[in-house]
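Q: Coordinates in model06.tsv, TSV, C-alpha atoms and all ligand atoms, are listed below.
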```
chain	number	residue	atom	x	y	z
Y	213	MET	CA	84.43	101.03	108.84
Y	214	VAL	CA	83.81	104.09	106.66
Y	215	GLU	CA	80.50	105.84	107.25
Y	216	LEU	CA	78.75	106.06	103.90
Y	217	PRO	CA	76.56	109.04	102.92
Y	218	ARG	CA	72.86	108.15	103.10
Y	219	ASP	CA	72.48	108.79	99.38
Y	220	PHE	CA	75.66	106.90	98.37
Y	221	THR	CA	75.06	105.51	94.88
Y	222	PRO	CA	77.64	102.96	93.73
Y	223	ASP	CA	76.53	103.01	90.10
Y	224	LEU	CA	78.95	103.08	87.16
Y	225	ARG	CA	76.54	105.26	85.17
Y	226	ARG	CA	76.10	107.83	87.93
Y	227	LEU	CA	79.68	108.39	89.03
Y	228	LYS	CA	80.41	111.52	91.04
Y	229	THR	CA	82.75	112.73	93.76
Y	230	TRP	CA	82.03	111.42	97.29
Y	231	PRO	CA	84.62	113.33	99.39
Y	232	THR	CA	83.70	111.71	102.72
Y	233	ILE	CA	84.43	108.13	101.66
Y	234	GLU	CA	88.16	108.70	101.39
Y	235	SER	CA	89.32	105.10	101.49
Y	236	SER	CA	86.96	103.78	98.80
Y	237	PRO	CA	87.63	103.98	95.04
Y	238	TRP	CA	84.00	105.16	94.67
Y	239	ARG	CA	85.15	108.54	96.06
Y	240	GLN	CA	86.22	109.77	92.59
Y	241	PRO	CA	84.76	108.85	89.17
Y	242	TYR	CA	88.19	108.05	87.67
Y	243	LEU	CA	89.11	105.75	90.59
Y	244	ALA	CA	85.75	103.95	90.42
Y	245	ASP	CA	86.21	103.49	86.68
Y	246	LEU	CA	89.74	102.06	87.04
Y	247	THR	CA	88.58	99.58	89.71
Y	248	TYR	CA	84.88	98.66	89.59
Y	249	GLY	CA	84.56	99.79	85.96
Y	250	GLU	CA	87.45	97.51	84.94
Y	251	LEU	CA	85.91	94.56	86.80
Y	252	TYR	CA	82.61	95.13	85.03
Y	253	ARG	CA	84.30	95.30	81.60
Y	254	LEU	CA	86.32	92.17	82.35
Y	255	ALA	CA	83.24	90.17	83.38
Y	256	ASP	CA	81.06	91.56	80.60
Y	257	GLY	CA	83.54	90.36	77.98
Y	258	PHE	CA	82.55	86.77	78.85
Y	259	VAL	CA	78.79	87.21	79.15
Y	260	PRO	CA	77.22	85.37	76.19
Y	261	ARG	CA	75.30	87.71	73.88
Y	262	ARG	CA	71.82	86.26	74.41
Y	263	LYS	CA	69.25	86.97	77.07
Y	264	LEU	CA	70.37	85.12	80.18
Y	265	ARG	CA	69.21	84.25	83.65
Y	266	ILE	CA	72.09	85.37	85.84
Y	267	LEU	CA	72.90	84.76	89.49
Y	268	GLU	CA	75.51	86.98	91.10
Y	269	VAL	CA	76.77	85.48	94.35
Y	270	GLY	CA	78.00	88.04	96.89
Y	271	CYS	CA	76.69	90.95	94.82
Y	272	GLY	CA	77.57	93.51	97.51
Y	273	ARG	CA	76.01	96.89	96.68
Y	274	GLY	CA	75.06	95.58	93.27
Y	275	PHE	CA	76.98	97.64	90.71
Y	276	LEU	CA	77.58	94.58	88.51
Y	277	SER	CA	74.10	93.06	88.79
Y	278	LEU	CA	72.62	96.45	87.95
Y	279	GLU	CA	74.73	96.83	84.82
Y	280	LEU	CA	73.90	93.28	83.63
Y	281	ALA	CA	70.17	93.88	84.11
Y	282	ARG	CA	70.51	97.08	82.09
Y	283	LYS	CA	71.94	94.94	79.29
Y	284	GLY	CA	68.72	92.97	79.22
Y	285	HIS	CA	69.54	89.96	81.42
Y	286	GLU	CA	67.30	88.71	84.22
Y	287	VAL	CA	69.47	89.05	87.29
Y	288	LEU	CA	69.31	87.89	90.89
Y	289	GLY	CA	72.01	89.18	93.26
Y	290	ILE	CA	72.40	87.50	96.63
Y	291	ASP	CA	74.54	88.58	99.55
Y	292	LEU	CA	74.60	87.64	103.20
Y	293	ASP	CA	75.09	91.23	104.35
Y	294	GLU	CA	71.71	92.91	104.90
Y	295	GLU	CA	73.18	96.43	104.82
Y	296	VAL	CA	74.78	96.10	101.38
Y	297	VAL	CA	71.61	94.57	99.97
Y	298	LYS	CA	69.65	97.52	101.35
Y	299	THR	CA	71.92	99.89	99.38
Y	300	ALA	CA	71.69	97.70	96.27
Y	301	ARG	CA	67.88	97.87	96.42
Y	302	ARG	CA	67.90	101.65	96.93
Y	303	VAL	CA	70.25	102.14	93.97
Y	304	MET	CA	68.08	99.83	91.85
Y	305	LYS	CA	64.93	101.79	92.72
Y	306	SER	CA	66.47	105.13	91.75
Y	307	ASP	CA	67.96	103.78	88.51
Y	308	PRO	CA	67.17	106.27	85.71
Y	309	TYR	CA	67.33	103.40	83.19
Y	310	LYS	CA	64.86	101.16	85.01
Y	311	SER	CA	62.16	101.36	82.33
Y	312	LYS	CA	64.54	99.70	79.86
Y	313	ARG	CA	66.04	97.28	82.34
Y	314	ALA	CA	65.21	93.56	82.64
Y	315	THR	CA	64.18	91.98	85.95
Y	316	LEU	CA	66.58	92.71	88.79
Y	317	GLU	CA	66.14	91.26	92.26
Y	318	TYR	CA	68.23	91.10	95.40
Y	319	GLU	CA	68.06	88.65	98.25
Y	320	VAL	CA	69.81	88.44	101.61
Y	321	ALA	CA	71.20	84.92	101.73
Y	322	ASP	CA	74.26	82.86	102.54
Y	323	PHE	CA	75.04	81.00	99.35
Y	324	SER	CA	76.29	77.95	101.27
Y	325	SER	CA	72.89	77.33	102.84
Y	326	TRP	CA	70.76	78.88	100.08
Y	327	ASN	CA	67.94	76.62	98.95
Y	328	THR	CA	68.44	75.89	95.25
Y	329	VAL	CA	65.45	73.60	94.71
Y	330	GLY	CA	63.74	74.50	91.44
Y	331	LYS	CA	66.34	77.15	90.54
Y	332	SER	CA	68.58	77.25	87.49
Y	333	TYR	CA	70.76	79.88	85.82
Y	334	ASP	CA	72.63	80.34	82.53
Y	335	LEU	CA	75.41	82.25	84.22
Y	336	VAL	CA	76.73	82.42	87.77
Y	337	ILE	CA	79.17	85.19	88.67
Y	338	PHE	CA	81.50	85.53	91.64
Y	339	ASN	CA	83.24	88.87	91.77
Y	340	ARG	CA	85.76	88.89	94.64
Y	341	VAL	CA	83.57	86.61	96.74
Y	342	LEU	CA	84.62	82.95	96.49
Y	343	HIS	CA	87.76	83.60	98.52
Y	344	HIS	CA	85.46	84.46	101.47
Y	345	ILE	CA	83.23	81.38	101.37
Y	346	PRO	CA	84.37	78.27	103.25
Y	347	ARG	CA	84.69	74.96	101.37
Y	348	PRO	CA	85.00	76.36	97.81
Y	349	ASN	CA	84.82	72.82	96.49
Y	350	SER	CA	81.25	72.29	97.67
Y	351	VAL	CA	80.32	75.90	96.79
Y	352	LEU	CA	81.38	75.26	93.19
Y	353	ASP	CA	79.68	71.90	93.12
Y	354	LYS	CA	76.47	73.70	94.10
Y	355	VAL	CA	77.03	76.17	91.25
Y	356	LYS	CA	77.50	73.34	88.79
Y	357	HIS	CA	74.13	71.89	89.75
Y	358	LEU	CA	72.48	75.30	89.41
Y	359	LEU	CA	73.74	75.85	85.88
Y	360	THR	CA	71.78	75.01	82.76
Y	361	PHE	CA	73.14	72.78	80.01
Y	362	ARG	CA	74.88	75.67	78.22
Y	363	GLY	CA	75.70	77.37	81.52
Y	364	ARG	CA	78.81	79.31	82.44
Y	365	ILE	CA	80.67	80.47	85.51
Y	366	ILE	CA	82.69	83.69	85.69
Y	367	CYS	CA	84.89	83.90	88.71
Y	368	ILE	CA	87.06	86.95	89.41
Y	369	GLU	CA	88.90	86.20	92.61
Y	370	TYR	CA	91.49	87.42	95.03
Y	371	ALA	CA	94.26	84.96	95.93
Y	372	TYR	CA	96.01	86.51	98.92
Y	373	ASP	CA	98.62	83.74	99.15
Y	374	ARG	CA	99.98	84.75	95.73
Y	375	PHE	CA	101.25	88.06	97.11
Y	376	GLU	CA	105.02	87.70	97.00
Y	377	ARG	CA	108.26	89.59	97.63
Y	378	ARG	CA	108.51	91.28	94.20
Y	379	SER	CA	104.92	92.53	94.50
Y	380	ALA	CA	105.61	93.76	98.03
Y	381	THR	CA	108.74	95.57	96.80
Y	382	TRP	CA	106.77	97.30	94.04
Y	383	PHE	CA	104.03	98.22	96.52
Y	384	TYR	CA	106.69	99.55	98.91
Y	385	HIS	CA	108.22	101.91	96.34
Y	386	ILE	CA	104.90	103.38	95.21
Y	387	ARG	CA	103.58	103.80	98.72
Y	388	ARG	CA	106.86	105.21	100.02
Y	389	VAL	CA	107.04	108.01	97.42
Y	390	LEU	CA	103.40	108.87	98.06
Y	391	GLU	CA	104.08	108.98	101.81
Y	392	GLN	CA	107.13	111.21	101.26
Y	393	ALA	CA	104.97	113.59	99.24
Y	394	GLY	CA	102.37	113.61	102.04
Y	395	TRP	CA	99.93	111.92	99.66
Y	396	PHE	CA	99.26	108.69	101.51
Y	397	ALA	CA	97.19	108.18	104.66
Y	398	SER	CA	98.91	105.78	106.97
Y	399	SER	CA	99.02	105.46	110.73
Y	400	LYS	CA	102.40	103.69	110.52
Y	401	PRO	CA	104.51	105.10	107.64
Y	402	LEU	CA	107.06	102.83	105.96
Y	403	SER	CA	110.74	103.32	106.79
Y	404	ASP	CA	113.72	103.95	104.52
Y	405	ASN	CA	114.89	100.43	105.21
Y	406	ILE	CA	113.54	98.51	102.23
Y	407	GLN	CA	114.16	95.03	103.67
Y	408	VAL	CA	112.40	95.78	106.94
Y	409	SER	CA	109.48	97.47	105.20
Y	410	VAL	CA	109.02	94.79	102.55
Y	411	ASN	CA	109.09	92.12	105.25
Y	412	ARG	CA	106.45	94.04	107.18
Y	413	ILE	CA	104.23	94.46	104.10
Y	414	MET	CA	104.50	90.72	103.30
Y	415	LYS	CA	103.78	89.71	106.89
Y	416	ASP	CA	100.77	92.04	107.25
Y	417	TRP	CA	99.33	90.93	103.89
Y	418	HIS	CA	99.58	87.20	104.61
Y	419	GLU	CA	98.48	87.51	108.23
Y	420	HIS	CA	95.37	89.39	107.15
Y	421	GLY	CA	94.43	86.61	104.70
Y	422	ARG	CA	95.02	83.90	107.29
Y	423	ARG	CA	93.19	85.80	110.04
Y	424	GLU	CA	90.16	86.27	107.79
Y	425	GLY	CA	90.30	82.58	106.85
Y	426	LEU	CA	90.39	83.44	103.14
Y	427	ASN	CA	90.67	80.64	100.61
Y	428	ARG	CA	94.01	80.21	98.88
Y	429	PHE	CA	94.51	80.15	95.13
Y	430	LYS	CA	94.78	76.35	94.89
Y	431	GLU	CA	91.66	75.83	97.00
Y	432	MET	CA	89.65	77.81	94.44
Y	433	HIS	CA	91.44	77.04	91.19
Y	434	GLU	CA	91.58	73.25	91.51
Y	435	PRO	CA	87.81	72.74	91.91
Y	436	LEU	CA	87.14	75.34	89.20
Y	437	ARG	CA	89.25	73.33	86.77
Y	438	LYS	CA	87.85	70.03	87.93
Y	439	LEU	CA	84.18	70.97	87.77
Y	440	PHE	CA	84.08	73.24	84.71
Y	441	ARG	CA	85.57	73.26	81.25
Y	442	GLU	CA	88.04	76.15	81.32
Y	443	ARG	CA	87.39	78.73	78.57
Y	444	TYR	CA	89.63	81.50	79.79
Y	445	PHE	CA	92.09	82.26	82.53
Y	446	SER	CA	94.01	85.47	83.24
Y	447	TRP	CA	95.80	87.30	86.01
Y	448	GLU	CA	94.63	90.87	86.57
Y	449	PRO	CA	96.04	93.89	88.40
Y	450	TYR	CA	94.68	94.35	91.93
Y	451	ILE	CA	97.49	95.50	94.25
Y	452	PHE	CA	96.85	99.05	93.01
Y	453	TRP	CA	93.46	98.98	94.79
Y	454	ASP	CA	95.34	99.11	98.09
Y	455	ILE	CA	97.32	102.10	96.86
Y	456	PHE	CA	94.15	103.89	95.73
Y	457	MET	CA	92.60	103.32	99.14
Y	458	GLY	CA	95.44	105.06	100.97
Y	459	MET	CA	96.22	107.68	98.30
Y	460	ARG	CA	95.32	111.28	99.22
Y	461	ILE	CA	96.43	113.60	96.40
Y	462	PRO	CA	94.71	116.98	96.69
Y	463	SER	CA	94.91	117.87	92.99
Y	464	VAL	CA	92.35	115.89	90.98
Y	465	GLU	CA	94.46	116.13	87.78
Y	466	THR	CA	97.57	114.87	89.56
Y	467	GLU	CA	95.68	112.09	91.30
Y	468	MET	CA	94.04	110.99	88.06
Y	469	GLY	CA	97.44	110.83	86.32
Y	470	PHE	CA	98.99	108.86	89.18
Y	471	ALA	CA	96.05	106.49	89.41
Y	472	ARG	CA	96.12	105.67	85.70
Y	473	SER	CA	99.87	105.10	85.63
Y	474	ILE	CA	99.90	102.94	88.77
Y	475	GLN	CA	97.19	100.70	87.34
Y	476	ALA	CA	98.90	100.53	83.94
Y	477	MET	CA	102.24	99.82	85.61
Y	478	GLU	CA	100.84	96.86	87.55
Y	479	ARG	CA	99.26	95.45	84.38
Y	480	ALA	CA	102.52	95.79	82.44
Y	481	LEU	CA	104.54	94.18	85.26
Y	482	ILE	CA	102.12	91.25	85.38
Y	483	GLU	CA	102.39	90.79	81.61
Y	484	LYS	CA	106.18	90.81	81.92
Y	485	ALA	CA	105.91	88.32	84.85
Y	486	ALA	CA	107.95	90.81	86.90
Y	487	ILE	CA	105.56	90.72	89.88
Y	488	GLY	CA	103.24	88.06	91.25
Y	489	PRO	CA	99.60	88.91	90.55
Y	490	ILE	CA	96.87	88.30	93.14
Y	491	LEU	CA	93.59	88.57	91.20
Y	492	PHE	CA	92.55	85.93	88.70
Y	493	CYS	CA	89.71	85.61	86.24
Y	494	PHE	CA	88.42	82.12	85.44
Y	495	VAL	CA	85.67	81.46	82.91
Y	496	GLY	CA	84.31	77.93	82.64
Y	497	ASP	CA	81.42	76.15	80.99
Y	498	VAL	CA	79.53	73.20	82.40
Y	499	LEU	CA	80.64	69.76	81.38
Y	500	SER	CA	77.09	68.56	81.87
Y	501	GLY	CA	74.12	70.10	83.60
Y	502	LYS	CA	70.40	70.68	83.63
Y	503	HIS	CA	68.59	71.22	80.36
Y	504	ILE	CA	66.57	74.42	80.21
M	1	LIG	C1	84.68	91.92	98.64
M	1	LIG	S1	82.96	91.97	98.70
M	1	LIG	C2	82.57	92.01	96.96
M	1	LIG	C3	81.21	92.56	96.68
M	1	LIG	C4	80.89	92.75	95.20
M	1	LIG	N1	80.89	91.51	94.48
M	1	LIG	C5	81.88	93.75	94.60
M	1	LIG	O1	82.71	93.34	93.77
M	1	LIG	O2	81.80	94.93	94.94
M	1	LIG	C6	82.49	90.32	99.16
M	1	LIG	C7	80.98	90.15	99.34
M	1	LIG	O3	80.69	88.77	99.48
M	1	LIG	C8	79.63	88.63	100.41
M	1	LIG	N2	79.66	87.24	100.91
M	1	LIG	C9	80.64	86.65	101.62
M	1	LIG	N3	80.31	85.38	101.90
M	1	LIG	C10	79.09	85.15	101.33
M	1	LIG	C11	78.21	84.02	101.29
M	1	LIG	N4	78.52	82.87	101.89
M	1	LIG	N5	77.04	84.14	100.62
M	1	LIG	C12	76.71	85.32	100.03
M	1	LIG	N6	77.51	86.42	100.05
M	1	LIG	C13	78.68	86.34	100.69
M	1	LIG	C14	79.96	89.68	101.46
M	1	LIG	O4	78.85	90.01	102.26
M	1	LIG	C15	80.43	90.84	100.58
M	1	LIG	O5	79.37	91.70	100.22
```
What does this structure look like when you write it as structure tokens?

A:
Amino acid sequence: MVELPRDFTPDLRRLKTWPTIESSPWRQPYLADLTYGELYRLADGFVPRRKLRILEVGCGRGFLSLELARKGHEVLGIDLDEEVVKTARRVMKSDPYKSKRATLEYEVADFSSWNTVGKSYDLVIFNRVLHHIPRPNSVLDKVKHLLTFRGRIICIEYAYDRFERRSATWFYHIRRVLEQAGWFASSKPLSDNIQVSVNRIMKDWHEHGRREGLNRFKEMHEPLRKLFRERYFSWEPYIFWDIFMGMRIPSVETEMGFARSIQAMERALIEKAAIGPILFCFVGDVLSGKHI
């Protein structure tokens, strides 16, 4: 695990260079913007334009909850990891925009056992979290009962089982050229043999998902479609995050150019259906629910 600086501030409005956190996109403003910034913009596009009560499940260090509270929504972020919640609270306290912000609270809690009696929300957001929580069906059923009559769910999720050979081949080529340039940190560099390397990438990727017990696409998507009225669905670029994490290009200008083109390339290849995407965005409204 990367040791974070004591004053680490994962805040989209206070981006700066954090040289010691090499493997995180927060280490450079342009990388944070292309990753966390893009996720925020994607989610924000589906946040109804009225004052809402929002629950973010698995808020992590809180960059999204913070931004939503700054937009005037009442936000509660919950996460089962005490350490990340500690950072989220510290960032919230030092927020230069706090006088204009709406209520923002964080709680350490496991959503699966979280007591929901007397609670209701207009919007529940999962940002790269549902794939971690066992029994997504009952998790989503719980969300449905938490939502108000006009409530909405935004779910941006990683589906590891969708990583396929064409994606692995694309990943191989990008990573291989970076390695050859000495611009990629890896304990076990890829070989010239494309078949062997692509097989290794595929195996490692899928084994990691299985080992972590991550939910598969179908296990998340089916209950989402069953329990909510689908308003929007898209596949989004995400493989490039793994490239950013290993990328070590000394020149900031060069790295910025590479980063932008790798992200744009993945998006274009997804649109052309030339590679299998692994991150989806689902937006659904309640079919029925509590009245406010
Ligand atoms: C990949 S991180 C994403 C964090 C944040 N949403 C982001 O995009 O930066 C997944 C987060 O989900 C949290 N998490 C996993 N299972 C959870 C559960 N059952 N209840 C609450 N949080 C959970 C983890 O502690 C972790 O902070």

Q: Please check which protein, DNA or RNA residues sit within 10 Å of ligand LIG 1 (chain M), counting only C-alpha atoms and all ligand atoms, and write them as a ChimeraX atom specification.

A: /Y:222,247-248,251-252,268-277,289-297,319-326,337-346,351,368-370

Q: Could you tell me, as a ChimeraX atom specification, which residues have any atom at most 12 Å from (96.1, 104.1, 89.0), counting only C-alpha atoms?

A: /Y:237,240,242-247,250,386,449-457,459,466-479

Q: Just to confirm, what's the straight-line distance from atom CA of Ser409 of chain Y to atom CA of Ala397 of chain Y in Å (one decimal)?

A: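 Here the two named atoms are 16.3 Å from each other.
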
Q: Around (104.5, 92.0, 105.3) in the file's own coordinates, what residues are found within 12 Å if you use only C-alpha atoms, given back as a JSON list (two decimals) with C-alpha atoms, in the frame of the given file?

A:
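So the final result, stored in part-v8.json, reads:
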```
[["chain", "number", "residue", "atom", "x", "y", "z"],
["Y", 372, "TYR", "CA", 96.01, 86.51, 98.92],
["Y", 373, "ASP", "CA", 98.62, 83.74, 99.15],
["Y", 375, "PHE", "CA", 101.25, 88.06, 97.11],
["Y", 376, "GLU", "CA", 105.02, 87.70, 97.00],
["Y", 377, "ARG", "CA", 108.26, 89.59, 97.63],
["Y", 378, "ARG", "CA", 108.51, 91.28, 94.20],
["Y", 379, "SER", "CA", 104.92, 92.53, 94.50],
["Y", 380, "ALA", "CA", 105.61, 93.76, 98.03],
["Y", 381, "THR", "CA", 108.74, 95.57, 96.80],
["Y", 383, "PHE", "CA", 104.03, 98.22, 96.52],
["Y", 384, "TYR", "CA", 106.69, 99.55, 98.91],
["Y", 402, "LEU", "CA", 107.06, 102.83, 105.96],
["Y", 406, "ILE", "CA", 113.54, 98.51, 102.23],
["Y", 407, "GLN", "CA", 114.16, 95.03, 103.67],
["Y", 408, "VAL", "CA", 112.40, 95.78, 106.94],
["Y", 409, "SER", "CA", 109.48, 97.47, 105.20],
["Y", 410, "VAL", "CA", 109.02, 94.79, 102.55],
["Y", 411, "ASN", "CA", 109.09, 92.12, 105.25],
["Y", 412, "ARG", "CA", 106.45, 94.04, 107.18],
["Y", 413, "ILE", "CA", 104.23, 94.46, 104.10],
["Y", 414, "MET", "CA", 104.50, 90.72, 103.30],
["Y", 415, "LYS", "CA", 103.78, 89.71, 106.89],
["Y", 416, "ASP", "CA", 100.77, 92.04, 107.25],
["Y", 417, "TRP", "CA", 99.33, 90.93, 103.89],
["Y", 418, "HIS", "CA", 99.58, 87.20, 104.61],
["Y", 419, "GLU", "CA", 98.48, 87.51, 108.23],
["Y", 420, "HIS", "CA", 95.37, 89.39, 107.15],
["Y", 421, "GLY", "CA", 94.43, 86.61, 104.70]]
```

Q: Rank Y:Thr315, Y:Asn405, Y:Ser350, Y:Ser446 by their smallest atom-to-atom distance to Phe494 of chain Y, using only C-alpha atoms, and report the top residue only.

A: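 Counting only C-alpha atoms, the residue closest to Phe494 of chain Y is Y:Ser446.
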
Q: Considering all atoms listed in the file, state which residue in the set Y:Glu317, Y:Lys228, Y:Ala371, Y:Lys331 is at the smallest distance from Lys430 of chain Y.

A: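 Looking only at the distances to Lys430 of chain Y, the closest residue turns out to be Y:Ala371.
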
Q: Find the distance between atom CA of Gly363 of chain Y and atom CA of Asp497 of chain Y and write it in Å to one decimal.

A: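 Taking atom CA of Gly363 of chain Y and atom CA of Asp497 of chain Y, their separation equals 5.9 Å.
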
Q: Rounded to one decimal in Å, what is the spacing between atom CA of Arg443 of chain Y and atom CA of Val259 of chain Y?

A: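 Atom CA of Arg443 of chain Y sits 12.1 Å away from atom CA of Val259 of chain Y.
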
Q: Given the choices Y:Ile487, Y:Arg387, Y:Thr232, Y:Val498, which gets closest to Phe361 of chain Y if the distance is worked out from all atoms listed in the file?

A: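 Of the candidates, the smallest distance to Phe361 of chain Y is held by Y:Val498.
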
Q: Given the choices Y:Arg282, Y:Arg428, Y:Lys305, Y:Lys263, which gets closest to Thr221 of chain Y if the distance is worked out from all atoms listed in the file?

A: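 Between Y:Arg282, Y:Arg428, Y:Lys305, Y:Lys263, the residue approaching Thr221 of chain Y most closely is Y:Lys305.
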
Q: Skip Leu278 of chain Y itself and residues of its chain fewer than 5 positions away, then list as a PyMOL selection string all residues within 9 Å of it, counting all atoms listed in the file.

A: chain Y and resi 223+283+287+300+303-304+307+313+316

Q: Counting all atoms listed in the file, which residue out of Y:His385, Y:Arg347, Y:His433, Y:Arg226 sits closest to Trp238 of chain Y?

A: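 For Trp238 of chain Y, the nearest of the candidates is Y:Arg226.
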
Q: Please complete segment 219-237 of chain Y with N, CA and C atoms and give it back as a short mmCIF file (atom, residue, chain, number, x, y, z; two decimals), in the frame of the given file.

A:
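out_13.cif, written as the output of this step:
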```
data_model
loop_
_atom_site.label_atom_id
_atom_site.label_comp_id
_atom_site.auth_asym_id
_atom_site.auth_seq_id
_atom_site.Cartn_x
_atom_site.Cartn_y
_atom_site.Cartn_z
N ASP Y 219 72.88 108.90 100.78
CA ASP Y 219 72.48 108.79 99.38
C ASP Y 219 73.59 108.17 98.51
N PHE Y 220 74.54 107.48 99.12
CA PHE Y 220 75.66 106.90 98.37
C PHE Y 220 75.12 105.98 97.26
N THR Y 221 75.58 106.24 96.04
CA THR Y 221 75.06 105.51 94.88
C THR Y 221 76.20 104.87 94.10
N PRO Y 222 76.56 103.63 94.46
CA PRO Y 222 77.64 102.96 93.73
C PRO Y 222 77.15 102.42 92.39
N ASP Y 223 77.09 103.34 91.42
CA ASP Y 223 76.53 103.01 90.10
C ASP Y 223 77.49 103.55 89.04
N LEU Y 224 77.97 102.67 88.17
CA LEU Y 224 78.95 103.08 87.16
C LEU Y 224 78.42 104.13 86.20
N ARG Y 225 77.09 104.25 86.08
CA ARG Y 225 76.54 105.26 85.17
C ARG Y 225 76.18 106.57 85.88
N ARG Y 226 76.39 106.59 87.19
CA ARG Y 226 76.10 107.83 87.93
C ARG Y 226 77.29 108.18 88.83
N LEU Y 227 78.48 108.12 88.24
CA LEU Y 227 79.68 108.39 89.03
C LEU Y 227 79.77 109.86 89.40
N LYS Y 228 80.18 110.14 90.61
CA LYS Y 228 80.41 111.52 91.04
C LYS Y 228 81.41 111.50 92.20
N THR Y 229 81.80 112.66 92.66
CA THR Y 229 82.75 112.73 93.76
C THR Y 229 82.02 112.55 95.09
N TRP Y 230 82.56 111.64 95.93
CA TRP Y 230 82.03 111.42 97.29
C TRP Y 230 83.18 111.70 98.24
N PRO Y 231 83.41 112.98 98.62
CA PRO Y 231 84.62 113.33 99.39
C PRO Y 231 84.72 112.64 100.75
N THR Y 232 83.60 112.26 101.35
CA THR Y 232 83.70 111.71 102.72
C THR Y 232 84.10 110.23 102.75
N ILE Y 233 84.05 109.55 101.61
CA ILE Y 233 84.43 108.13 101.66
C ILE Y 233 85.85 107.96 101.11
N GLU Y 234 86.77 108.59 101.83
CA GLU Y 234 88.16 108.70 101.39
C GLU Y 234 88.84 107.40 101.01
N SER Y 235 88.55 106.31 101.74
CA SER Y 235 89.32 105.10 101.49
C SER Y 235 88.66 104.17 100.47
N SER Y 236 87.60 104.63 99.81
CA SER Y 236 86.96 103.78 98.80
C SER Y 236 87.21 104.34 97.41
N PRO Y 237 87.45 103.47 96.41
CA PRO Y 237 87.63 103.98 95.04
C PRO Y 237 86.37 104.67 94.49
#
```
